[in-house]
file upload_22.csv (CSV, C-alpha atoms and all ligand atoms)
chain,number,residue,atom,x,y,z
A,1,MET,CA,91.1,-94.4,88.9
A,2,ASN,CA,92.0,-91.3,91.0
A,3,TYR,CA,92.2,-88.6,88.4
A,4,ARG,CA,94.2,-85.4,89.1
A,5,ILE,CA,94.1,-82.1,87.3
A,6,ALA,CA,97.4,-80.2,87.1
A,7,PRO,CA,97.0,-76.7,85.7
A,8,SER,CA,100.2,-75.4,84.0
A,9,ILE,CA,101.1,-72.0,85.4
A,10,LEU,CA,102.9,-71.3,82.1
A,11,SER,CA,99.6,-69.8,80.9
A,12,ALA,CA,98.8,-68.0,84.2
A,13,ASN,CA,99.1,-64.2,84.7
A,14,PHE,CA,102.7,-64.1,86.0
A,15,ALA,CA,102.1,-60.6,87.4
A,16,LYS,CA,99.5,-62.1,89.9
A,17,LEU,CA,101.0,-65.6,90.2
A,18,GLY,CA,100.2,-66.3,93.9
A,19,GLU,CA,96.6,-65.2,93.4
A,20,GLU,CA,96.3,-67.3,90.2
A,21,VAL,CA,97.5,-70.4,91.9
A,22,ASP,CA,95.2,-69.8,94.9
A,23,ASN,CA,92.2,-69.4,92.6
A,24,VAL,CA,92.9,-72.5,90.5
A,25,LEU,CA,93.4,-74.6,93.6
A,26,LYS,CA,90.2,-73.2,95.2
A,27,SER,CA,88.4,-74.2,92.1
A,28,GLY,CA,89.4,-77.8,92.6
A,29,ALA,CA,92.7,-78.3,90.8
A,30,ASP,CA,94.9,-81.0,92.5
A,31,ILE,CA,98.5,-80.2,91.5
A,32,VAL,CA,100.4,-77.1,90.3
A,33,HIS,CA,102.3,-77.9,87.1
A,34,PHE,CA,105.5,-75.8,87.0
A,35,ASP,CA,107.2,-75.5,83.6
A,36,VAL,CA,111.0,-74.7,83.8
A,37,MET,CA,112.6,-73.7,80.5
A,38,ASP,CA,116.2,-72.7,79.9
A,39,ASN,CA,116.4,-71.3,76.3
A,40,HIS,CA,118.8,-74.2,75.6
A,41,TYR,CA,117.0,-77.5,75.9
A,42,VAL,CA,113.9,-75.7,74.7
A,43,PRO,CA,113.6,-72.4,72.8
A,44,ASN,CA,111.9,-70.5,75.6
A,45,LEU,CA,112.8,-69.2,79.1
A,46,THR,CA,110.6,-69.3,82.1
A,47,ILE,CA,110.9,-69.6,85.9
A,48,GLY,CA,113.2,-71.2,88.4
A,49,PRO,CA,113.5,-72.2,92.0
A,50,LEU,CA,113.0,-68.7,93.4
A,51,VAL,CA,109.5,-68.7,92.0
A,52,CYS,CA,108.8,-72.1,93.4
A,53,GLU,CA,109.9,-71.0,96.8
A,54,ALA,CA,107.8,-67.8,96.6
A,55,LEU,CA,104.7,-69.9,96.0
A,56,ARG,CA,105.5,-72.0,99.1
A,57,LYS,CA,106.1,-68.8,101.1
A,58,HIS,CA,102.8,-67.5,99.8
A,59,GLY,CA,101.1,-70.5,101.4
A,60,VAL,CA,100.6,-73.0,98.6
A,61,THR,CA,100.5,-76.5,100.1
A,62,ALA,CA,99.3,-78.5,97.1
A,63,PRO,CA,101.9,-80.7,95.3
A,64,ILE,CA,104.2,-78.7,93.0
A,65,ASP,CA,105.0,-80.8,89.8
A,66,VAL,CA,108.3,-79.3,88.5
A,67,HIS,CA,108.7,-80.2,84.8
A,68,LEU,CA,112.4,-79.5,84.0
A,69,MET,CA,113.0,-78.6,80.3
A,70,VAL,CA,116.6,-77.8,81.0
A,71,LYS,CA,120.0,-79.2,80.1
A,72,PRO,CA,122.0,-80.1,82.2
A,73,VAL,CA,119.6,-81.4,84.8
A,74,ASP,CA,121.5,-82.3,87.9
A,75,ARG,CA,122.9,-78.9,89.0
A,76,ILE,CA,119.4,-77.5,89.5
A,77,VAL,CA,117.7,-80.5,91.2
A,78,PRO,CA,118.8,-79.7,94.9
A,79,ASP,CA,117.7,-76.1,94.4
A,80,PHE,CA,114.2,-77.1,93.5
A,81,ALA,CA,114.1,-79.6,96.3
A,82,LYS,CA,115.0,-76.8,98.8
A,83,ALA,CA,112.4,-74.6,97.1
A,84,GLY,CA,109.6,-77.0,97.9
A,85,ALA,CA,109.1,-79.1,94.8
A,86,SER,CA,107.1,-82.3,95.2
A,87,TYR,CA,107.7,-84.0,91.9
A,88,ILE,CA,110.7,-83.3,89.7
A,89,THR,CA,110.5,-84.7,86.2
A,90,PHE,CA,113.2,-84.4,83.5
A,91,HIS,CA,113.7,-85.4,79.9
A,92,PRO,CA,116.0,-88.4,79.6
A,93,GLU,CA,117.9,-86.9,76.6
A,94,ALA,CA,118.8,-83.9,78.8
A,95,SER,CA,120.8,-86.0,81.3
A,96,GLU,CA,124.0,-87.9,80.6
A,97,HIS,CA,123.3,-90.3,83.4
A,98,ILE,CA,119.6,-91.0,83.8
A,99,ASP,CA,119.8,-93.5,86.7
A,100,ARG,CA,122.0,-91.1,88.6
A,101,THR,CA,119.6,-88.2,88.1
A,102,ILE,CA,116.7,-90.3,89.3
A,103,ALA,CA,118.6,-91.2,92.4
A,104,LEU,CA,119.6,-87.6,93.0
A,105,ILE,CA,116.0,-86.5,92.9
A,106,ARG,CA,115.0,-89.3,95.3
A,107,GLU,CA,117.9,-88.4,97.7
A,108,THR,CA,116.7,-84.8,97.9
A,109,GLY,CA,113.3,-86.0,99.1
A,110,CYS,CA,111.3,-85.4,95.9
A,111,LYS,CA,109.5,-87.8,93.6
A,112,PRO,CA,111.3,-88.4,90.4
A,113,GLY,CA,109.7,-88.7,86.9
A,114,LEU,CA,110.7,-89.1,83.3
A,115,VAL,CA,109.3,-87.0,80.4
A,116,PHE,CA,109.0,-88.3,76.9
A,117,ASN,CA,108.7,-85.9,73.9
A,118,PRO,CA,106.2,-87.0,71.1
A,119,ALA,CA,108.9,-88.8,69.1
A,120,THR,CA,111.1,-90.0,72.0
A,121,PRO,CA,111.0,-93.8,72.4
A,122,LEU,CA,110.0,-95.3,75.7
A,123,ASP,CA,112.9,-97.9,75.9
A,124,VAL,CA,114.6,-96.4,79.0
A,125,LEU,CA,111.4,-97.2,81.0
A,126,GLU,CA,112.4,-100.9,80.9
A,127,TRP,CA,115.2,-100.0,83.3
A,128,THR,CA,113.7,-97.1,85.2
A,129,LEU,CA,110.0,-97.7,85.7
A,130,ASP,CA,110.4,-99.2,89.1
A,131,LYS,CA,112.5,-96.3,90.3
A,132,ILE,CA,110.2,-93.4,89.4
A,133,ASP,CA,106.9,-92.0,90.6
A,134,MET,CA,105.7,-90.5,87.3
A,135,VAL,CA,105.8,-90.9,83.6
A,136,LEU,CA,105.0,-87.7,81.8
A,137,LEU,CA,104.1,-88.0,78.1
A,138,MET,CA,104.4,-84.8,76.0
A,139,SER,CA,101.5,-84.5,73.6
A,140,VAL,CA,103.1,-81.3,72.1
A,141,ASN,CA,106.7,-80.5,71.5
A,142,PRO,CA,107.9,-78.8,74.7
A,143,GLY,CA,108.5,-75.1,74.9
A,144,PHE,CA,105.2,-73.3,74.5
A,145,GLY,CA,101.6,-73.4,75.7
A,146,GLY,CA,98.6,-73.4,73.5
A,147,GLN,CA,99.7,-76.0,70.9
A,148,LYS,CA,97.7,-78.7,69.3
A,149,PHE,CA,97.4,-82.2,70.8
A,150,ILE,CA,99.4,-84.8,68.9
A,151,PRO,CA,97.1,-87.9,68.6
A,152,HIS,CA,99.7,-90.6,68.3
A,153,VAL,CA,100.6,-90.0,72.0
A,154,LEU,CA,97.4,-91.9,72.9
A,155,ASP,CA,99.1,-95.1,71.6
A,156,LYS,CA,102.1,-94.3,73.8
A,157,ALA,CA,99.8,-93.8,76.8
A,158,ARG,CA,98.2,-97.2,76.3
A,159,GLN,CA,101.7,-98.7,76.0
A,160,VAL,CA,102.9,-97.1,79.3
A,161,ARG,CA,99.7,-98.0,81.1
A,162,LYS,CA,100.2,-101.6,80.1
A,163,MET,CA,103.8,-101.6,81.5
A,164,ILE,CA,102.7,-100.0,84.8
A,165,ASP,CA,99.8,-102.4,85.3
A,166,ALA,CA,101.8,-105.5,84.2
A,167,ARG,CA,104.4,-104.7,86.9
A,168,LYS,CA,101.8,-103.6,89.4
A,169,LEU,CA,103.6,-100.4,90.1
A,170,ASP,CA,102.3,-97.3,91.8
A,171,VAL,CA,103.4,-94.8,89.0
A,172,SER,CA,101.4,-91.9,87.8
A,173,LEU,CA,100.8,-91.4,84.1
A,174,GLU,CA,100.6,-87.8,83.2
A,175,ILE,CA,100.0,-86.0,79.9
A,176,ASP,CA,101.1,-82.5,78.9
A,177,GLY,CA,100.0,-80.4,76.0
A,178,GLY,CA,96.8,-79.5,74.2
A,179,VAL,CA,94.5,-81.1,76.7
A,180,GLY,CA,91.0,-79.6,77.4
A,181,PRO,CA,87.4,-80.6,77.8
A,182,ALA,CA,87.1,-81.8,74.2
A,183,ASN,CA,89.7,-84.5,74.5
A,184,ILE,CA,90.4,-85.2,78.2
A,185,ARG,CA,88.0,-88.2,78.3
A,186,GLU,CA,89.7,-89.9,75.3
A,187,VAL,CA,93.1,-89.3,77.1
A,188,ALA,CA,91.8,-90.8,80.3
A,189,GLN,CA,90.5,-93.8,78.3
A,190,ALA,CA,94.1,-94.4,77.1
A,191,GLY,CA,95.2,-94.9,80.7
A,192,VAL,CA,96.3,-91.4,81.8
A,193,ASP,CA,95.5,-90.4,85.4
A,194,THR,CA,97.1,-86.9,85.7
A,195,PHE,CA,96.2,-84.1,83.2
A,196,VAL,CA,98.2,-81.0,82.6
A,197,ALA,CA,96.2,-78.2,81.1
A,198,GLY,CA,97.6,-74.7,80.7
A,199,SER,CA,95.8,-72.5,78.2
A,200,ALA,CA,92.5,-74.4,78.6
A,201,VAL,CA,92.4,-73.6,82.3
A,202,PHE,CA,94.1,-70.2,82.6
A,203,GLY,CA,92.4,-68.9,79.4
A,204,ALA,CA,89.0,-69.5,80.9
A,205,GLY,CA,86.5,-66.9,82.2
A,206,ARG,CA,86.9,-63.2,82.9
A,207,GLU,CA,90.0,-62.0,84.6
A,208,SER,CA,88.1,-59.9,87.1
A,209,ASP,CA,86.2,-63.0,88.4
A,210,PRO,CA,87.9,-64.7,91.4
A,211,ASN,CA,85.8,-67.9,90.7
A,212,ARG,CA,86.7,-67.8,87.0
A,213,TYR,CA,88.3,-71.3,87.1
A,214,ASP,CA,85.3,-73.1,88.7
A,215,SER,CA,83.5,-73.9,85.5
A,216,ILE,CA,86.5,-75.1,83.5
A,217,ILE,CA,87.7,-77.4,86.3
A,218,ALA,CA,84.1,-78.7,86.7
A,219,ALA,CA,83.9,-79.3,82.9
A,220,LEU,CA,87.1,-81.3,83.0
A,221,ARG,CA,85.9,-83.4,85.9
A,222,ALA,CA,82.5,-83.9,84.3
A,223,GLU,CA,84.3,-85.4,81.2
A,224,LEU,CA,86.4,-87.6,83.5
A,225,ALA,CA,83.2,-88.8,85.3
A,226,LYS,CA,82.0,-90.3,81.9
A,227,VAL,CA,85.1,-92.6,81.5
A,301,LIG,C1,104.9,-77.1,77.2
A,301,LIG,C2,104.6,-77.2,78.7
A,301,LIG,C3,103.2,-77.4,79.0
A,301,LIG,C4,102.3,-76.3,78.6
A,301,LIG,C5,100.9,-76.9,78.3
A,301,LIG,O1,106.3,-77.2,77.0
A,301,LIG,O2,105.3,-78.4,79.2
A,301,LIG,O3,103.0,-77.7,80.4
A,301,LIG,O4,102.1,-75.3,79.5
A,301,LIG,O5,100.1,-75.9,77.8
A,301,LIG,P1,98.7,-76.2,77.0
A,301,LIG,O6,97.9,-76.9,78.0
A,301,LIG,O7,98.3,-74.8,76.7
A,301,LIG,O8,99.0,-77.0,75.8
A,302,ZN,ZN,104.9,-79.1,81.3
call {"tool": "encode", "arguments": {"input": "upload_22.csv", "output": "structure tokens", "more": "lines below"}}
Ligand code: DX5
Ligand code: ZN
result
Amino acid sequence: MNYRIAPSILSANFAKLGEEVDNVLKSGADIVHFDVMDNHYVPNLTIGPLVCEALRKHGVTAPIDVHLMVKPVDRIVPDFAKAGASYITFHPEASEHIDRTIALIRETGCKPGLVFNPATPLDVLEWTLDKIDMVLLMSVNPGFGGQKFIPHVLDKARQVRKMIDARKLDVSLEIDGGVGPANIREVAQAGVDTFVAGSAVFGAGRESDPNRYDSIIAALRAELAKV
């Protein structure tokens, strides 16, 4: 399994965002997880396409994984594509026409994915799994970093992994919320290949140390090596 670590910049120091992203990638992270919140679909407000574009202009070349926690979805998709998004994932309950939104993301040149909240059933995957590049399982309720991992999501992960493998699809299975060195191995054993970690990564080390993320990324990888 090719495991990928996707630090969530929600927990980064926004006053130094370019530097934070450079440092975390230098320490070995694979993907930049970019949380977009609208104070409507979720009770918090974060960043939009301008910040994504700014990271690209700053020189970030790693994949940017845009997690849309917004409603409606479609209006903002082309803006993120222009801003340099790689993946665009959305919550099915936030779109009136899930198939259309997936097609729209694909048409703009990005990789579409669906995000499931802890209590959202997976039934739409029956009709969409072959059209998407990523399934993102929320292991906390969306809106805030630093929450506790909800264990029943491991059962969901096992279920999605079975569906992907049974259909022999090349779809990433990502998890988001409450992931750190203490549980990443167990999450990987449930079939997850891409791991979002916000507070666990950006809360590590001393702020003055440019290599502050080396040891946390290494600790996550060391756990993954034991799977
Ligand atoms: C929550 C966000 C997450 C969040 C994860 O709505 O989607 O990406 O930043 O943060 P941690 O890893 O701190 O739970
Ligand atoms: Zn997220």
call {"tool": "residues_around", "arguments": {"input": "upload_22.csv", "residues": "Glu20 (chain A)", "least_positions_apart": "3", "cutoff": "10 Å", "atoms": "all atoms listed in the file", "output": "JSON, numbers by chain"}}
result
{"A": [9, 12, 13, 14, 15, 16, 17, 23, 24, 25, 26, 202, 207, 210, 213]}
call {"tool": "closest_residue", "arguments": {"input": "upload_22.csv", "among": "A:Pro121, A:Gly48, A:Gly109, A:Pro43", "to": "ligand LIG 301 (chain A)", "atoms": "all atoms listed in the file"}}
result
A:Pro43
call {"tool": "closest_atom_pairs", "arguments": {"input": "upload_22.csv", "of": "chain A", "to": "ligand ZN 302 (chain A)", "cutoff": "6 Å", "atoms": "only C-alpha atoms and all ligand atoms", "output": "CSV"}}
result
residue,atom,partner,partner_atom,distance
A:Asp35,CA,A:ZN302,ZN,4.9
A:His67,CA,A:ZN302,ZN,5.3
A:Asp176,CA,A:ZN302,ZN,5.6
call {"tool": "residues_near_point", "arguments": {"input": "upload_22.csv", "point": "(115.5, -92.9, 85.7)", "cutoff": "7 Å", "atoms": "all atoms listed in the file", "output": "JSON list (two decimals) with C-alpha atoms, in the frame of the given file"}}
result
[["chain", "number", "residue", "atom", "x", "y", "z"],
["A", 98, "ILE", "CA", 119.60, -91.00, 83.80],
["A", 99, "ASP", "CA", 119.80, -93.50, 86.70],
["A", 101, "THR", "CA", 119.60, -88.20, 88.10],
["A", 102, "ILE", "CA", 116.70, -90.30, 89.30],
["A", 114, "LEU", "CA", 110.70, -89.10, 83.30],
["A", 128, "THR", "CA", 113.70, -97.10, 85.20],
["A", 131, "LYS", "CA", 112.50, -96.30, 90.30],
["A", 132, "ILE", "CA", 110.20, -93.40, 89.40]]
call {"tool": "closest_atom_pairs", "arguments": {"input": "upload_22.csv", "of": "chain A", "to": "ligand LIG 301 (chain A)", "cutoff": "7 Å", "atoms": "all atoms listed in the file", "output": "Markdown table"}}
result
| residue | atom | partner | partner_atom | distance |
| --- | --- | --- | --- | --- |
| A:Ser8 | CA | A:LIG301 | O4 | 4.9 |
| A:Ile9 | CA | A:LIG301 | O4 | 6.8 |
| A:Leu10 | CA | A:LIG301 | O4 | 4.8 |
| A:Ser11 | CA | A:LIG301 | O4 | 6.2 |
| A:His33 | CA | A:LIG301 | O3 | 6.7 |
| A:Asp35 | CA | A:LIG301 | O2 | 5.6 |
| A:His67 | CA | A:LIG301 | O2 | 6.8 |
| A:Val140 | CA | A:LIG301 | C1 | 6.8 |
| A:Asn141 | CA | A:LIG301 | O1 | 6.4 |
| A:Pro142 | CA | A:LIG301 | O1 | 3.2 |
| A:Gly143 | CA | A:LIG301 | O1 | 3.7 |
| A:Phe144 | CA | A:LIG301 | C1 | 4.7 |
| A:Gly145 | CA | A:LIG301 | O5 | 3.6 |
| A:Gly146 | CA | A:LIG301 | O7 | 3.5 |
| A:Gln147 | CA | A:LIG301 | O8 | 5.0 |
| A:Lys148 | CA | A:LIG301 | O8 | 6.8 |
| A:Asp176 | CA | A:LIG301 | O3 | 5.4 |
| A:Gly177 | CA | A:LIG301 | O8 | 3.5 |
| A:Gly178 | CA | A:LIG301 | O8 | 3.7 |
| A:Val179 | CA | A:LIG301 | O6 | 5.6 |
| A:Val196 | CA | A:LIG301 | O6 | 6.2 |
| A:Ala197 | CA | A:LIG301 | O6 | 3.8 |
| A:Gly198 | CA | A:LIG301 | O6 | 3.5 |
| A:Ser199 | CA | A:LIG301 | O7 | 3.7 |
| A:Ala200 | CA | A:LIG301 | O6 | 6.0 |
call {"tool": "residues_around", "arguments": {"input": "upload_22.csv", "residues": "region 158-174 of chain A", "least_positions_apart": "5", "cutoff": "10 Å", "atoms": "only C-alpha atoms", "output": "VMD selection string"}}
result
chain A and resid 2 to 6 113 115 122 125 to 126 129 to 138 153 187 to 196
call {"tool": "closest_residue", "arguments": {"input": "upload_22.csv", "among": "A:Met37, A:Ala62, A:Leu154, A:Ile88", "to": "Asp74 (chain A)", "atoms": "all atoms listed in the file"}}
result
A:Ile88
call {"tool": "atom_distance", "arguments": {"input": "upload_22.csv", "atom1": "CA of Arg221 (chain A)", "atom2": "CA of Gly28 (chain A)"}}
result
9.4 Å
call {"tool": "build_atoms", "arguments": {"input": "upload_22.csv", "residues": "region 18-44 of chain A", "atoms": "N, CA and C atoms", "output": "short mmCIF file (atom, residue, chain, number, x, y, z; two decimals), keeping the file's coordinate frame"}}
result
data_model
loop_
_atom_site.label_atom_id
_atom_site.label_comp_id
_atom_site.auth_asym_id
_atom_site.auth_seq_id
_atom_site.Cartn_x
_atom_site.Cartn_y
_atom_site.Cartn_z
N GLY A 18 100.68 -65.70 92.64
CA GLY A 18 100.20 -66.30 93.90
C GLY A 18 98.65 -66.38 93.87
N GLU A 19 98.03 -65.28 93.47
CA GLU A 19 96.60 -65.20 93.40
C GLU A 19 96.02 -66.23 92.38
N GLU A 20 96.68 -66.33 91.25
CA GLU A 20 96.30 -67.30 90.20
C GLU A 20 96.28 -68.71 90.72
N VAL A 21 97.38 -69.05 91.40
CA VAL A 21 97.50 -70.40 91.90
C VAL A 21 96.47 -70.67 93.01
N ASP A 22 96.28 -69.69 93.90
CA ASP A 22 95.20 -69.80 94.90
C ASP A 22 93.87 -70.08 94.29
N ASN A 23 93.56 -69.29 93.27
CA ASN A 23 92.20 -69.40 92.60
C ASN A 23 92.02 -70.74 91.95
N VAL A 24 93.05 -71.21 91.27
CA VAL A 24 92.90 -72.50 90.50
C VAL A 24 92.78 -73.65 91.50
N LEU A 25 93.47 -73.57 92.61
CA LEU A 25 93.40 -74.60 93.60
C LEU A 25 92.00 -74.57 94.32
N LYS A 26 91.55 -73.36 94.59
CA LYS A 26 90.20 -73.20 95.20
C LYS A 26 89.13 -73.73 94.30
N SER A 27 89.36 -73.66 93.00
CA SER A 27 88.40 -74.20 92.10
C SER A 27 88.43 -75.69 91.91
N GLY A 28 89.37 -76.34 92.60
CA GLY A 28 89.40 -77.80 92.60
C GLY A 28 90.53 -78.47 91.89
N ALA A 29 91.53 -77.71 91.43
CA ALA A 29 92.70 -78.30 90.80
C ALA A 29 93.48 -79.10 91.92
N ASP A 30 94.22 -80.13 91.52
CA ASP A 30 94.90 -81.00 92.50
C ASP A 30 96.38 -80.67 92.64
N ILE A 31 97.01 -80.29 91.55
CA ILE A 31 98.50 -80.20 91.50
C ILE A 31 98.83 -78.91 90.73
N VAL A 32 99.96 -78.30 91.08
CA VAL A 32 100.40 -77.10 90.30
C VAL A 32 101.56 -77.61 89.40
N HIS A 33 101.32 -77.49 88.09
CA HIS A 33 102.30 -77.90 87.10
C HIS A 33 103.23 -76.70 86.81
N PHE A 34 104.54 -76.89 87.00
CA PHE A 34 105.50 -75.80 87.00
C PHE A 34 106.54 -76.00 85.93
N ASP A 35 106.40 -75.28 84.83
CA ASP A 35 107.20 -75.50 83.60
C ASP A 35 108.52 -74.67 83.70
N VAL A 36 109.65 -75.37 83.71
CA VAL A 36 111.00 -74.70 83.80
C VAL A 36 111.67 -74.84 82.45
N MET A 37 111.92 -73.71 81.81
CA MET A 37 112.60 -73.70 80.50
C MET A 37 113.80 -72.85 80.48
N ASP A 38 114.82 -73.30 79.74
CA ASP A 38 116.20 -72.70 79.90
C ASP A 38 116.70 -72.00 78.62
N ASN A 39 115.90 -71.92 77.56
CA ASN A 39 116.40 -71.30 76.30
C ASN A 39 117.62 -72.08 75.76
N HIS A 40 117.70 -73.38 76.05
CA HIS A 40 118.80 -74.20 75.60
C HIS A 40 118.28 -75.56 75.22
N TYR A 41 117.71 -76.26 76.19
CA TYR A 41 117.00 -77.50 75.90
C TYR A 41 115.76 -77.26 75.09
N VAL A 42 115.06 -76.19 75.45
CA VAL A 42 113.90 -75.70 74.70
C VAL A 42 114.05 -74.25 74.35
N PRO A 43 113.42 -73.81 73.25
CA PRO A 43 113.60 -72.40 72.80
C PRO A 43 112.70 -71.43 73.54
N ASN A 44 112.71 -71.48 74.85
CA ASN A 44 111.90 -70.50 75.60
C ASN A 44 112.53 -70.44 77.02
#
